[in-house]
>>> print(open('model34.txt').read())   # compact mmCIF, C-alpha atoms
# COMPACT_ATOMS: atom_id res chain seq x y z
CA MET A 1 7.75 19.15 -13.88
CA THR A 2 4.40 17.79 -14.90
CA ASN A 3 1.38 19.20 -13.17
CA HIS A 4 0.67 17.11 -10.08
CA ASN A 5 -0.99 20.04 -8.29
CA ALA A 6 1.83 19.84 -5.79
CA LEU A 7 4.00 22.18 -3.77
CA ILE A 8 7.71 22.10 -3.15
CA SER A 9 8.12 24.28 -0.12
CA ASP A 10 9.76 24.58 3.23
CA ALA A 11 6.64 26.07 4.73
CA LYS A 12 5.14 24.27 7.67
CA GLY A 13 1.59 25.03 6.65
CA SER A 14 -0.37 22.67 4.43
CA ILE A 15 -2.11 23.24 1.15
CA GLY A 16 -4.55 21.14 -0.78
CA VAL A 17 -6.11 20.87 -4.19
CA ALA A 18 -9.15 19.03 -5.48
CA VAL A 19 -9.28 17.07 -8.71
CA ARG A 20 -12.78 16.28 -9.90
CA VAL A 21 -13.27 12.95 -11.62
CA PRO A 22 -16.39 11.04 -12.67
CA ASN A 23 -18.12 9.14 -9.88
CA GLN A 24 -16.89 5.58 -9.62
CA SER A 25 -18.53 2.35 -8.61
CA LEU A 26 -18.37 1.45 -4.95
CA PHE A 27 -16.77 -1.81 -6.01
CA SER A 28 -13.19 -1.16 -7.06
CA PRO A 29 -11.64 -4.52 -8.00
CA GLY A 30 -7.89 -4.79 -7.70
CA GLY A 31 -5.31 -7.51 -7.63
CA GLY A 32 -6.26 -10.58 -5.71
CA ARG A 33 -6.24 -14.19 -6.39
CA TYR A 34 -9.86 -15.06 -5.74
CA ILE A 35 -11.87 -12.00 -6.74
CA SER A 36 -13.45 -12.80 -10.09
CA ILE A 37 -16.71 -10.89 -10.27
CA PRO A 38 -17.16 -9.73 -13.87
CA ARG A 39 -18.04 -6.04 -14.08
CA LYS A 40 -21.05 -6.67 -16.33
CA LYS A 41 -22.43 -9.27 -13.94
CA LEU A 42 -21.83 -6.95 -11.00
CA VAL A 43 -23.67 -4.06 -12.66
CA GLN A 44 -26.60 -6.33 -13.42
CA LYS A 45 -26.66 -7.42 -9.78
CA LEU A 46 -26.57 -3.87 -8.46
CA GLU A 47 -29.35 -2.76 -10.82
CA ALA A 48 -31.52 -5.67 -9.72
CA ASP A 49 -31.14 -4.98 -5.99
CA PRO A 50 -28.72 -2.12 -5.35
CA SER A 51 -28.64 -2.27 -1.56
CA GLN A 52 -28.64 -5.95 -0.58
CA THR A 53 -26.64 -7.15 -3.56
CA ARG A 54 -23.98 -4.54 -2.96
CA ILE A 55 -23.58 -5.80 0.61
CA HIS A 56 -23.40 -9.44 -0.55
CA THR A 57 -20.85 -8.46 -3.19
CA TRP A 58 -18.69 -6.82 -0.56
CA ILE A 59 -18.95 -9.87 1.71
CA GLU A 60 -17.65 -11.96 -1.21
CA ALA A 61 -14.80 -9.49 -1.66
CA MET A 62 -14.03 -9.47 2.06
CA ARG A 63 -13.76 -13.25 2.09
CA ALA A 64 -11.60 -13.18 -1.01
CA SER A 65 -9.21 -10.69 0.59
CA SER A 66 -8.55 -13.18 3.39
CA PRO A 67 -6.86 -15.95 1.38
CA THR A 68 -5.67 -19.14 2.98
CA ARG A 69 -4.15 -22.29 1.56
CA THR A 70 -7.74 -23.35 0.81
CA ARG A 71 -10.15 -21.59 -1.46
CA PRO A 72 -12.90 -19.37 -0.05
CA GLY A 73 -16.61 -20.02 0.16
CA ASN A 74 -17.78 -23.46 -0.80
CA ILE A 75 -15.00 -24.10 -3.33
CA SER A 76 -13.09 -27.27 -2.46
CA PRO A 77 -9.45 -27.00 -1.38
CA LEU A 78 -6.84 -27.70 -4.01
CA PRO A 79 -5.17 -31.13 -3.74
CA GLU A 80 -1.76 -30.78 -2.11
CA SER A 81 0.11 -31.76 -5.28
CA ASP A 82 -1.80 -29.18 -7.34
CA GLU A 83 -1.14 -26.58 -4.69
CA GLU A 84 2.59 -27.28 -4.82
CA ASP A 85 2.55 -27.11 -8.63
CA GLU A 86 0.69 -23.81 -8.51
CA TYR A 87 3.17 -22.37 -6.01
CA SER A 88 6.16 -23.55 -8.05
CA SER A 89 4.68 -22.01 -11.18
CA TRP A 90 4.04 -18.72 -9.38
CA MET A 91 7.55 -18.64 -7.95
CA ALA A 92 8.98 -19.19 -11.41
CA GLN A 93 7.17 -16.04 -12.52
CA HIS A 94 7.95 -14.08 -9.35
CA PRO A 95 11.23 -15.47 -7.97
CA SER A 96 12.60 -14.53 -4.58
CA ALA A 97 14.37 -11.16 -4.51
CA LEU A 98 16.93 -12.81 -2.23
CA THR A 99 17.68 -15.56 -4.74
CA MET A 100 17.82 -13.00 -7.56
CA PHE A 101 19.76 -10.40 -5.60
CA GLU A 102 22.78 -10.46 -7.93
CA GLU A 103 20.50 -9.79 -10.89
CA ILE A 104 18.99 -6.79 -9.10
CA ALA A 105 22.44 -5.50 -8.13
CA GLU A 106 23.65 -5.86 -11.72
CA ALA A 107 20.66 -3.89 -13.02
CA SER A 108 21.46 -1.06 -10.60
CA LYS A 109 25.00 -0.46 -11.87
CA GLY A 110 25.45 3.16 -12.91
CA LYS A 111 21.99 4.04 -11.56
CA GLN A 112 20.60 5.63 -8.43
CA ILE A 113 18.45 3.23 -6.44
CA VAL A 114 15.38 4.84 -4.89
CA MET A 115 13.65 2.68 -2.28
CA PHE A 116 9.89 2.67 -1.66
CA LEU A 117 8.53 0.65 1.27
CA ASP A 118 5.01 -0.13 2.41
CA TYR A 119 4.66 -0.41 6.20
CA ASP A 120 2.08 -2.96 7.45
CA GLY A 121 2.97 -6.48 6.34
CA THR A 122 6.24 -5.24 4.86
CA LEU A 123 8.25 -3.53 7.60
CA SER A 124 6.02 -4.78 10.42
CA PRO A 125 4.00 -7.97 10.78
CA ILE A 126 0.24 -7.90 10.31
CA VAL A 127 -1.24 -7.81 13.81
CA GLU A 128 -4.75 -7.91 15.22
CA ASN A 129 -4.51 -4.41 16.71
CA PRO A 130 -3.30 -1.94 14.06
CA ASP A 131 -2.18 0.45 16.81
CA ARG A 132 0.40 -2.14 17.88
CA ALA A 133 1.99 -2.78 14.48
CA TYR A 134 5.52 -2.07 15.68
CA MET A 135 8.59 -2.71 13.57
CA SER A 136 11.52 -4.47 15.16
CA GLU A 137 14.76 -2.70 16.05
CA GLU A 138 16.54 -4.92 13.50
CA MET A 139 14.17 -3.73 10.79
CA ARG A 140 14.62 -0.11 11.87
CA GLU A 141 18.39 -0.48 11.57
CA ALA A 142 18.00 -2.06 8.13
CA VAL A 143 15.82 0.83 6.91
CA LYS A 144 18.21 3.35 8.46
CA GLY A 145 21.10 1.71 6.62
CA VAL A 146 19.27 1.79 3.29
CA ALA A 147 18.34 5.46 3.77
CA ARG A 148 22.02 6.28 4.36
CA TYR A 149 22.84 5.30 0.77
CA PHE A 150 19.56 5.63 -1.15
CA PRO A 151 16.58 8.03 -1.09
CA THR A 152 13.95 6.11 0.87
CA ALA A 153 10.19 6.61 1.15
CA ILE A 154 7.57 4.94 3.33
CA VAL A 155 4.35 4.70 1.29
CA THR A 156 1.36 3.59 3.34
CA GLY A 157 -2.38 3.80 3.77
CA ARG A 158 -1.77 4.92 7.33
CA CYS A 159 -1.87 8.49 8.55
CA ARG A 160 1.53 10.04 7.77
CA ASP A 161 2.13 11.23 11.34
CA LYS A 162 1.24 7.83 12.78
CA VAL A 163 3.58 5.86 10.52
CA ARG A 164 6.36 8.34 11.22
CA ARG A 165 5.91 7.63 14.95
CA PHE A 166 6.17 3.90 14.19
CA VAL A 167 9.30 4.20 12.04
CA LYS A 168 11.06 6.87 14.13
CA LEU A 169 13.61 7.76 11.47
CA PRO A 170 14.34 11.27 10.20
CA GLY A 171 15.62 11.82 6.70
CA LEU A 172 12.95 9.68 5.01
CA TYR A 173 10.06 10.64 2.75
CA TYR A 174 6.74 9.72 4.37
CA ALA A 175 3.71 9.26 2.11
CA GLY A 176 0.56 8.61 4.14
CA SER A 177 -3.08 8.02 3.16
CA HIS A 178 -2.04 6.05 0.06
CA GLY A 179 0.20 8.88 -1.09
CA MET A 180 -2.30 11.71 -0.61
CA ASP A 181 -0.19 13.22 2.18
CA ILE A 182 3.56 13.42 1.46
CA LYS A 183 6.27 15.10 3.49
CA GLY A 184 9.98 14.92 2.79
CA PRO A 185 13.02 15.72 4.93
CA SER A 186 13.17 19.40 5.85
CA LYS A 187 16.92 19.36 6.41
CA ARG A 188 19.44 19.35 3.62
CA ASN A 189 21.05 15.99 2.84
CA LYS A 190 22.82 14.35 -0.09
CA HIS A 191 19.48 13.17 -1.52
CA ASN A 192 17.77 16.55 -1.00
CA LYS A 193 20.35 19.15 -1.95
CA ASN A 194 17.97 22.01 -2.67
CA ASN A 195 17.32 22.41 1.07
CA LYS A 196 13.56 22.46 0.53
CA GLY A 197 11.02 20.25 2.18
CA VAL A 198 8.69 18.31 -0.11
CA LEU A 199 5.05 18.76 0.78
CA PHE A 200 2.11 17.35 -1.12
CA GLN A 201 -1.48 17.12 0.09
CA ALA A 202 -3.94 16.18 -2.60
CA ALA A 203 -7.31 16.31 -0.92
CA ASN A 204 -7.55 18.97 1.79
CA GLU A 205 -11.09 19.91 0.79
CA PHE A 206 -12.17 16.37 1.73
CA LEU A 207 -10.90 16.57 5.32
CA PRO A 208 -14.20 17.71 6.94
CA MET A 209 -16.07 15.01 5.00
CA ILE A 210 -13.57 12.30 5.98
CA ASP A 211 -13.74 13.36 9.61
CA LYS A 212 -17.54 13.23 9.60
CA VAL A 213 -17.61 9.79 7.99
CA SER A 214 -15.05 8.55 10.51
CA LYS A 215 -17.19 9.67 13.44
CA CYS A 216 -20.29 8.05 11.93
CA LEU A 217 -18.43 4.78 11.43
CA VAL A 218 -17.07 4.80 14.99
CA ASP A 219 -20.64 5.18 16.23
CA LYS A 220 -22.00 2.45 13.93
CA MET A 221 -19.22 -0.05 14.67
CA ARG A 222 -19.44 0.38 18.43
CA ASP A 223 -21.63 -2.71 18.82
CA ILE A 224 -19.62 -4.96 16.49
CA GLU A 225 -17.04 -6.81 18.54
CA GLY A 226 -13.55 -6.56 17.05
CA ALA A 227 -14.31 -3.79 14.54
CA ASN A 228 -11.74 -1.01 14.51
CA VAL A 229 -12.17 2.35 12.75
CA GLU A 230 -8.96 4.25 12.01
CA ASN A 231 -9.00 7.86 10.79
CA ASN A 232 -5.95 8.16 8.53
CA LYS A 233 -6.58 11.86 7.82
CA PHE A 234 -7.27 11.61 4.07
CA CYS A 235 -8.94 8.21 4.25
CA VAL A 236 -10.77 6.05 6.81
CA SER A 237 -9.90 2.40 7.42
CA VAL A 238 -12.39 -0.09 8.86
CA HIS A 239 -10.44 -3.11 10.13
CA TYR A 240 -12.43 -6.34 10.43
CA ARG A 241 -9.53 -8.72 11.15
CA CYS A 242 -10.87 -9.39 14.67
CA VAL A 243 -14.56 -9.47 13.69
CA ASP A 244 -16.37 -12.81 13.67
CA GLN A 245 -17.04 -13.73 10.04
CA LYS A 246 -20.77 -13.96 10.72
CA ASP A 247 -20.71 -10.20 11.41
CA TRP A 248 -18.86 -9.20 8.24
CA GLY A 249 -22.18 -8.55 6.53
CA LEU A 250 -23.08 -6.03 9.22
CA VAL A 251 -19.71 -4.31 8.77
CA ALA A 252 -20.30 -4.07 5.01
CA GLU A 253 -23.87 -2.86 5.55
CA HIS A 254 -22.81 -0.04 7.86
CA VAL A 255 -19.97 1.06 5.59
CA THR A 256 -21.98 1.04 2.35
CA SER A 257 -24.97 2.69 4.03
CA ILE A 258 -22.89 5.64 5.25
CA LEU A 259 -20.92 5.87 2.03
CA SER A 260 -24.09 6.05 -0.08
CA GLU A 261 -24.57 9.58 1.29
CA TYR A 262 -21.14 10.71 0.05
CA PRO A 263 -20.80 10.37 -3.75
CA LYS A 264 -17.40 12.12 -3.62
CA LEU A 265 -15.96 9.21 -1.62
CA ARG A 266 -15.25 5.68 -2.79
CA LEU A 267 -14.72 2.32 -1.16
CA THR A 268 -11.62 0.19 -1.70
CA GLN A 269 -10.24 -2.87 0.01
CA GLY A 270 -7.03 -4.19 1.51
CA ARG A 271 -6.05 -7.10 3.72
CA LYS A 272 -9.06 -7.46 6.05
CA VAL A 273 -9.71 -3.73 5.85
CA LEU A 274 -12.27 -1.60 4.01
CA GLU A 275 -11.05 1.88 3.13
CA ILE A 276 -12.98 5.03 2.31
CA ARG A 277 -11.10 7.47 0.10
CA PRO A 278 -11.78 10.61 -1.95
CA THR A 279 -12.67 10.00 -5.60
CA ILE A 280 -9.52 11.59 -6.95
CA LYS A 281 -7.05 10.06 -9.37
CA TRP A 282 -4.30 9.49 -6.86
CA ASP A 283 -2.80 6.31 -5.46
CA LYS A 284 0.54 4.78 -4.46
CA GLY A 285 1.62 4.65 -8.09
CA LYS A 286 1.03 8.37 -8.50
CA ALA A 287 2.90 8.97 -5.25
CA LEU A 288 5.87 7.00 -6.57
CA GLU A 289 5.93 9.10 -9.75
CA PHE A 290 5.63 12.34 -7.79
CA LEU A 291 8.51 11.43 -5.49
CA LEU A 292 10.77 10.40 -8.35
CA GLU A 293 10.02 13.74 -10.00
CA SER A 294 10.66 15.63 -6.76
CA LEU A 295 14.05 13.92 -6.51
CA GLY A 296 14.93 15.04 -10.03
CA PHE A 297 14.46 11.66 -11.73
CA ALA A 298 11.46 12.41 -13.97
CA ASN A 299 11.98 10.65 -17.31
CA SER A 300 15.49 9.68 -16.20
CA ASN A 301 17.26 6.51 -17.27
CA ASP A 302 19.73 6.87 -14.41
CA VAL A 303 17.39 5.69 -11.67
CA LEU A 304 16.30 2.25 -10.45
CA PRO A 305 13.15 2.43 -8.28
CA ILE A 306 12.50 -0.57 -6.03
CA TYR A 307 9.07 -0.82 -4.42
CA ILE A 308 8.32 -3.44 -1.75
CA GLY A 309 4.76 -4.01 -0.54
CA ASP A 310 2.28 -6.70 0.42
CA ASP A 311 -1.16 -5.22 -0.26
CA ARG A 312 -3.40 -4.83 -3.30
CA THR A 313 -3.00 -1.04 -2.94
CA ASP A 314 0.70 -1.54 -3.71
CA GLU A 315 -0.25 -2.98 -7.10
CA ASP A 316 -0.73 0.58 -8.40
CA ALA A 317 2.98 1.19 -7.81
CA PHE A 318 3.99 -2.20 -9.24
CA LYS A 319 2.03 -1.41 -12.41
CA VAL A 320 3.76 1.96 -12.80
CA LEU A 321 7.17 0.30 -12.66
CA ARG A 322 6.16 -2.48 -15.04
CA ASN A 323 4.64 -0.03 -17.53
CA LYS A 324 7.77 2.13 -17.39
CA GLY A 325 9.97 -0.91 -17.85
CA GLN A 326 12.13 0.54 -15.12
CA GLY A 327 12.85 -0.69 -11.62
CA PHE A 328 11.36 -3.62 -9.75
CA GLY A 329 8.26 -4.32 -7.72
CA ILE A 330 8.64 -6.88 -4.93
CA LEU A 331 5.51 -8.47 -3.45
CA VAL A 332 5.61 -9.71 0.15
CA SER A 333 3.45 -12.84 0.25
CA LYS A 334 3.61 -16.47 1.32
CA ILE A 335 0.91 -17.52 -1.15
CA PRO A 336 0.44 -17.05 -4.89
CA LYS A 337 -1.38 -13.85 -5.81
CA GLU A 338 -2.11 -12.08 -9.05
CA THR A 339 0.48 -9.30 -9.14
CA SER A 340 2.42 -6.93 -11.37
CA ALA A 341 5.50 -7.30 -9.16
CA THR A 342 8.66 -8.80 -10.65
CA TYR A 343 9.99 -10.52 -7.53
CA SER A 344 8.66 -11.78 -4.20
CA LEU A 345 9.61 -12.09 -0.55
CA GLN A 346 7.70 -14.24 1.91
CA GLU A 347 7.50 -12.07 5.03
CA PRO A 348 8.89 -8.96 6.77
CA SER A 349 11.94 -10.87 8.04
CA GLU A 350 12.95 -11.49 4.42
CA VAL A 351 12.38 -7.81 3.65
CA GLY A 352 14.84 -6.97 6.42
CA GLU A 353 17.33 -9.48 5.04
CA PHE A 354 17.00 -8.01 1.54
CA LEU A 355 17.53 -4.45 2.81
CA GLN A 356 20.58 -5.53 4.79
CA ARG A 357 22.08 -7.25 1.77
CA LEU A 358 21.50 -4.09 -0.25
CA VAL A 359 23.41 -2.05 2.35
CA GLU A 360 26.29 -4.56 2.44
CA TRP A 361 26.46 -4.63 -1.36
CA LYS A 362 26.62 -0.82 -1.48
CA GLN A 363 29.33 -0.70 1.17
CA MET A 364 31.41 -3.28 -0.71
CA SER A 365 31.02 -1.40 -4.00
CA LEU A 366 32.16 1.85 -2.33
CA ARG A 367 35.21 0.12 -0.83
CA GLY A 368 36.04 -1.38 -4.21
CA ARG A 369 35.78 2.01 -5.82
>>> encode(input="model34.txt", output="structure tokens")
Amino acid sequence: MTNHNALISDAKGSIGVAVRVPNQSLFSPGGGRYISIPRKKLVQKLEADPSQTRIHTWIEAMRASSPTRTRPGNISPLPESDEEDEYSSWMAQHPSALTMFEEIAEASKGKQIVMFLDYDGTLSPIVENPDRAYMSEEMREAVKGVARYFPTAIVTGRCRDKVRRFVKLPGLYYAGSHGMDIKGPSKRNKHNKNNKGVLFQAANEFLPMIDKVSKCLVDKMRDIEGANVENNKFCVSVHYRCVDQKDWGLVAEHVTSILSEYPKLRLTQGRKVLEIRPTIKWDKGKALEFLLESLGFANSNDVLPIYIGDDRTDEDAFKVLRNKGQGFGILVSKIPKETSATYSLQEPSEVGEFLQRLVEWKQMSLRGR
């Protein structure tokens, strides 16, 4: 096993390790259709006016992370015909996983499928109140069915305990805080035959710092209507989905002001959420690799990982699969986005349909055998 500074243990206690890396820029560009701020230009901006320009840069990024069928800012909407052509071109590159199901099934022959699922926007719809992002009973049954036949992990930016309460299924691997907090089934099953629970916590030394930043942000955001601060244990999420756009600058100002006092933390971005994380080299892609290794599939050609997610943080996992030339990333999106995923699905209901088809296909193959 490569050194992931991890523990395979059935102990209930938690351990943590710290990995020091060079300080990174507050701006961490990821996938996203409309973010096109060249790094050189950004650095020049920050050197010219580090405080105000940084806030303006983040407002640009916040707008860009809220794509619609029209372009952000003062860029004119695409003509309808061009928009249709763009969508058709994107779908040709990232066809529906439902349409291409037989191709996926064929690729899995003789291999063990391992399923990785994001939560928000993938298993549950995106909602205004993140505390009410419930998955449907139909989706729960679909995930339960998949987990019966394939090792299944929920990989999310949420706190691990919180997403487990949402999903309500034992026997899964839960990777919270973007994979910095992983816990596997403690009971023996056909996917976990060594009877040991998988525990990995990458950033325990950051917990007091994260907690302090969370409390500061709660205090600062108190007067901004619609702002929601969520402590996800190893990271802090600032949701601005319900904040009036005229107040986004104030949200960015508060976040960057507090973060400037913590050089060991960095700022990243998701769908209408700013996230504060430790500056360690760990993300959903690293979590995917760790879990495959924990399951005994490190450097194995007998495994087919499938990762389904909707957020730019899921791109780290998509890139791992693409670089390995193994498995498939599936992006959940109704609009074209820059992505390393192979296939696409439009919304959580299609995710549920895909999972159900996977279960039915497995059941048929077992009966045929």
>>> closest_atom_pairs(input="model34.txt", of="stretch 169-228 of chain A", to="stretch 270-291 of chain A", cutoff="9 Å", atoms="all atoms listed in the file", output="JSON lines")
{"residue": "A:Tyr173", "atom": "CA", "partner": "A:Leu291", "partner_atom": "CA", "distance": 8.4}
{"residue": "A:Ala175", "atom": "CA", "partner": "A:Ala287", "partner_atom": "CA", "distance": 7.4}
{"residue": "A:Ser177", "atom": "CA", "partner": "A:Arg277", "partner_atom": "CA", "distance": 8.6}
{"residue": "A:His178", "atom": "CA", "partner": "A:Lys284", "partner_atom": "CA", "distance": 5.4}
{"residue": "A:Gly179", "atom": "CA", "partner": "A:Ala287", "partner_atom": "CA", "distance": 5.0}
{"residue": "A:Met180", "atom": "CA", "partner": "A:Trp282", "partner_atom": "CA", "distance": 6.9}
{"residue": "A:Ile182", "atom": "CA", "partner": "A:Ala287", "partner_atom": "CA", "distance": 8.1}
{"residue": "A:Val198", "atom": "CA", "partner": "A:Leu291", "partner_atom": "CA", "distance": 8.7}
{"residue": "A:Ala202", "atom": "CA", "partner": "A:Trp282", "partner_atom": "CA", "distance": 7.9}
{"residue": "A:Ala203", "atom": "CA", "partner": "A:Pro278", "partner_atom": "CA", "distance": 7.3}
{"residue": "A:Phe206", "atom": "CA", "partner": "A:Pro278", "partner_atom": "CA", "distance": 6.8}
{"residue": "A:Ile210", "atom": "CA", "partner": "A:Arg277", "partner_atom": "CA", "distance": 8.0}
{"residue": "A:Val213", "atom": "CA", "partner": "A:Ile276", "partner_atom": "CA", "distance": 8.7}
>>> residues_near_point(input="model34.txt", point="(7.3, -10.4, -3.9)", cutoff="10 Å", atoms="all atoms listed in the file", output="list in words")
Met91, His94, Pro95, Ser96, Ala97, Tyr307, Ile308, Gly309, Asp310, Phe328, Gly329, Ile330, Leu331, Val332, Ser333, Lys334, Ile335, Pro336, Lys337, Thr339, Ser340, Ala341, Thr342, Tyr343, Ser344, Leu345, Gln346, Glu347 and Val351 of chain A
>>> residues_near_point(input="model34.txt", point="(-6.8, 8.8, 9.8)", cutoff="10 Å", atoms="only C-alpha atoms", output="PyMOL selection string")
chain A and resi 157-162+176-177+207+210-211+214+229-237
>>> write_last_selection(input="model34.txt", atoms="C-alpha atoms", output="compact mmCIF listing (two decimals), keeping the file's coordinate frame")
# COMPACT_ATOMS: atom_id res chain seq x y z
CA GLY A 157 -2.38 3.80 3.77
CA ARG A 158 -1.77 4.92 7.33
CA CYS A 159 -1.87 8.49 8.55
CA ARG A 160 1.53 10.04 7.77
CA ASP A 161 2.13 11.23 11.34
CA LYS A 162 1.24 7.83 12.78
CA GLY A 176 0.56 8.61 4.14
CA SER A 177 -3.08 8.02 3.16
CA LEU A 207 -10.90 16.57 5.32
CA ILE A 210 -13.57 12.30 5.98
CA ASP A 211 -13.74 13.36 9.61
CA SER A 214 -15.05 8.55 10.51
CA VAL A 229 -12.17 2.35 12.75
CA GLU A 230 -8.96 4.25 12.01
CA ASN A 231 -9.00 7.86 10.79
CA ASN A 232 -5.95 8.16 8.53
CA LYS A 233 -6.58 11.86 7.82
CA PHE A 234 -7.27 11.61 4.07
CA CYS A 235 -8.94 8.21 4.25
CA VAL A 236 -10.77 6.05 6.81
CA SER A 237 -9.90 2.40 7.42
>>> atom_distance(input="model34.txt", atom1="atom CA of A:Ser186", atom2="atom CA of A:Met139")
23.7 Å
>>> atom_distance(input="model34.txt", atom1="atom CA of A:Gln245", atom2="atom CA of A:Trp58")
12.8 Å
>>> residues_around(input="model34.txt", residues="A:Arg148", least_positions_apart="6", cutoff="12 Å", atoms="all atoms listed in the file", output="NGL selection string")
:A and (113-115 or 141-142 or 169-172 or 189-191 or 355-356 or 358-360 or 362-363)
>>> write_last_selection(input="model34.txt", atoms="C-alpha atoms", output="compact mmCIF listing (two decimals), keeping the file's coordinate frame")
# COMPACT_ATOMS: atom_id res chain seq x y z
CA ILE A 113 18.45 3.23 -6.44
CA VAL A 114 15.38 4.84 -4.89
CA MET A 115 13.65 2.68 -2.28
CA GLU A 141 18.39 -0.48 11.57
CA ALA A 142 18.00 -2.06 8.13
CA LEU A 169 13.61 7.76 11.47
CA PRO A 170 14.34 11.27 10.20
CA GLY A 171 15.62 11.82 6.70
CA LEU A 172 12.95 9.68 5.01
CA ASN A 189 21.05 15.99 2.84
CA LYS A 190 22.82 14.35 -0.09
CA HIS A 191 19.48 13.17 -1.52
CA LEU A 355 17.53 -4.45 2.81
CA GLN A 356 20.58 -5.53 4.79
CA LEU A 358 21.50 -4.09 -0.25
CA VAL A 359 23.41 -2.05 2.35
CA GLU A 360 26.29 -4.56 2.44
CA LYS A 362 26.62 -0.82 -1.48
CA GLN A 363 29.33 -0.70 1.17
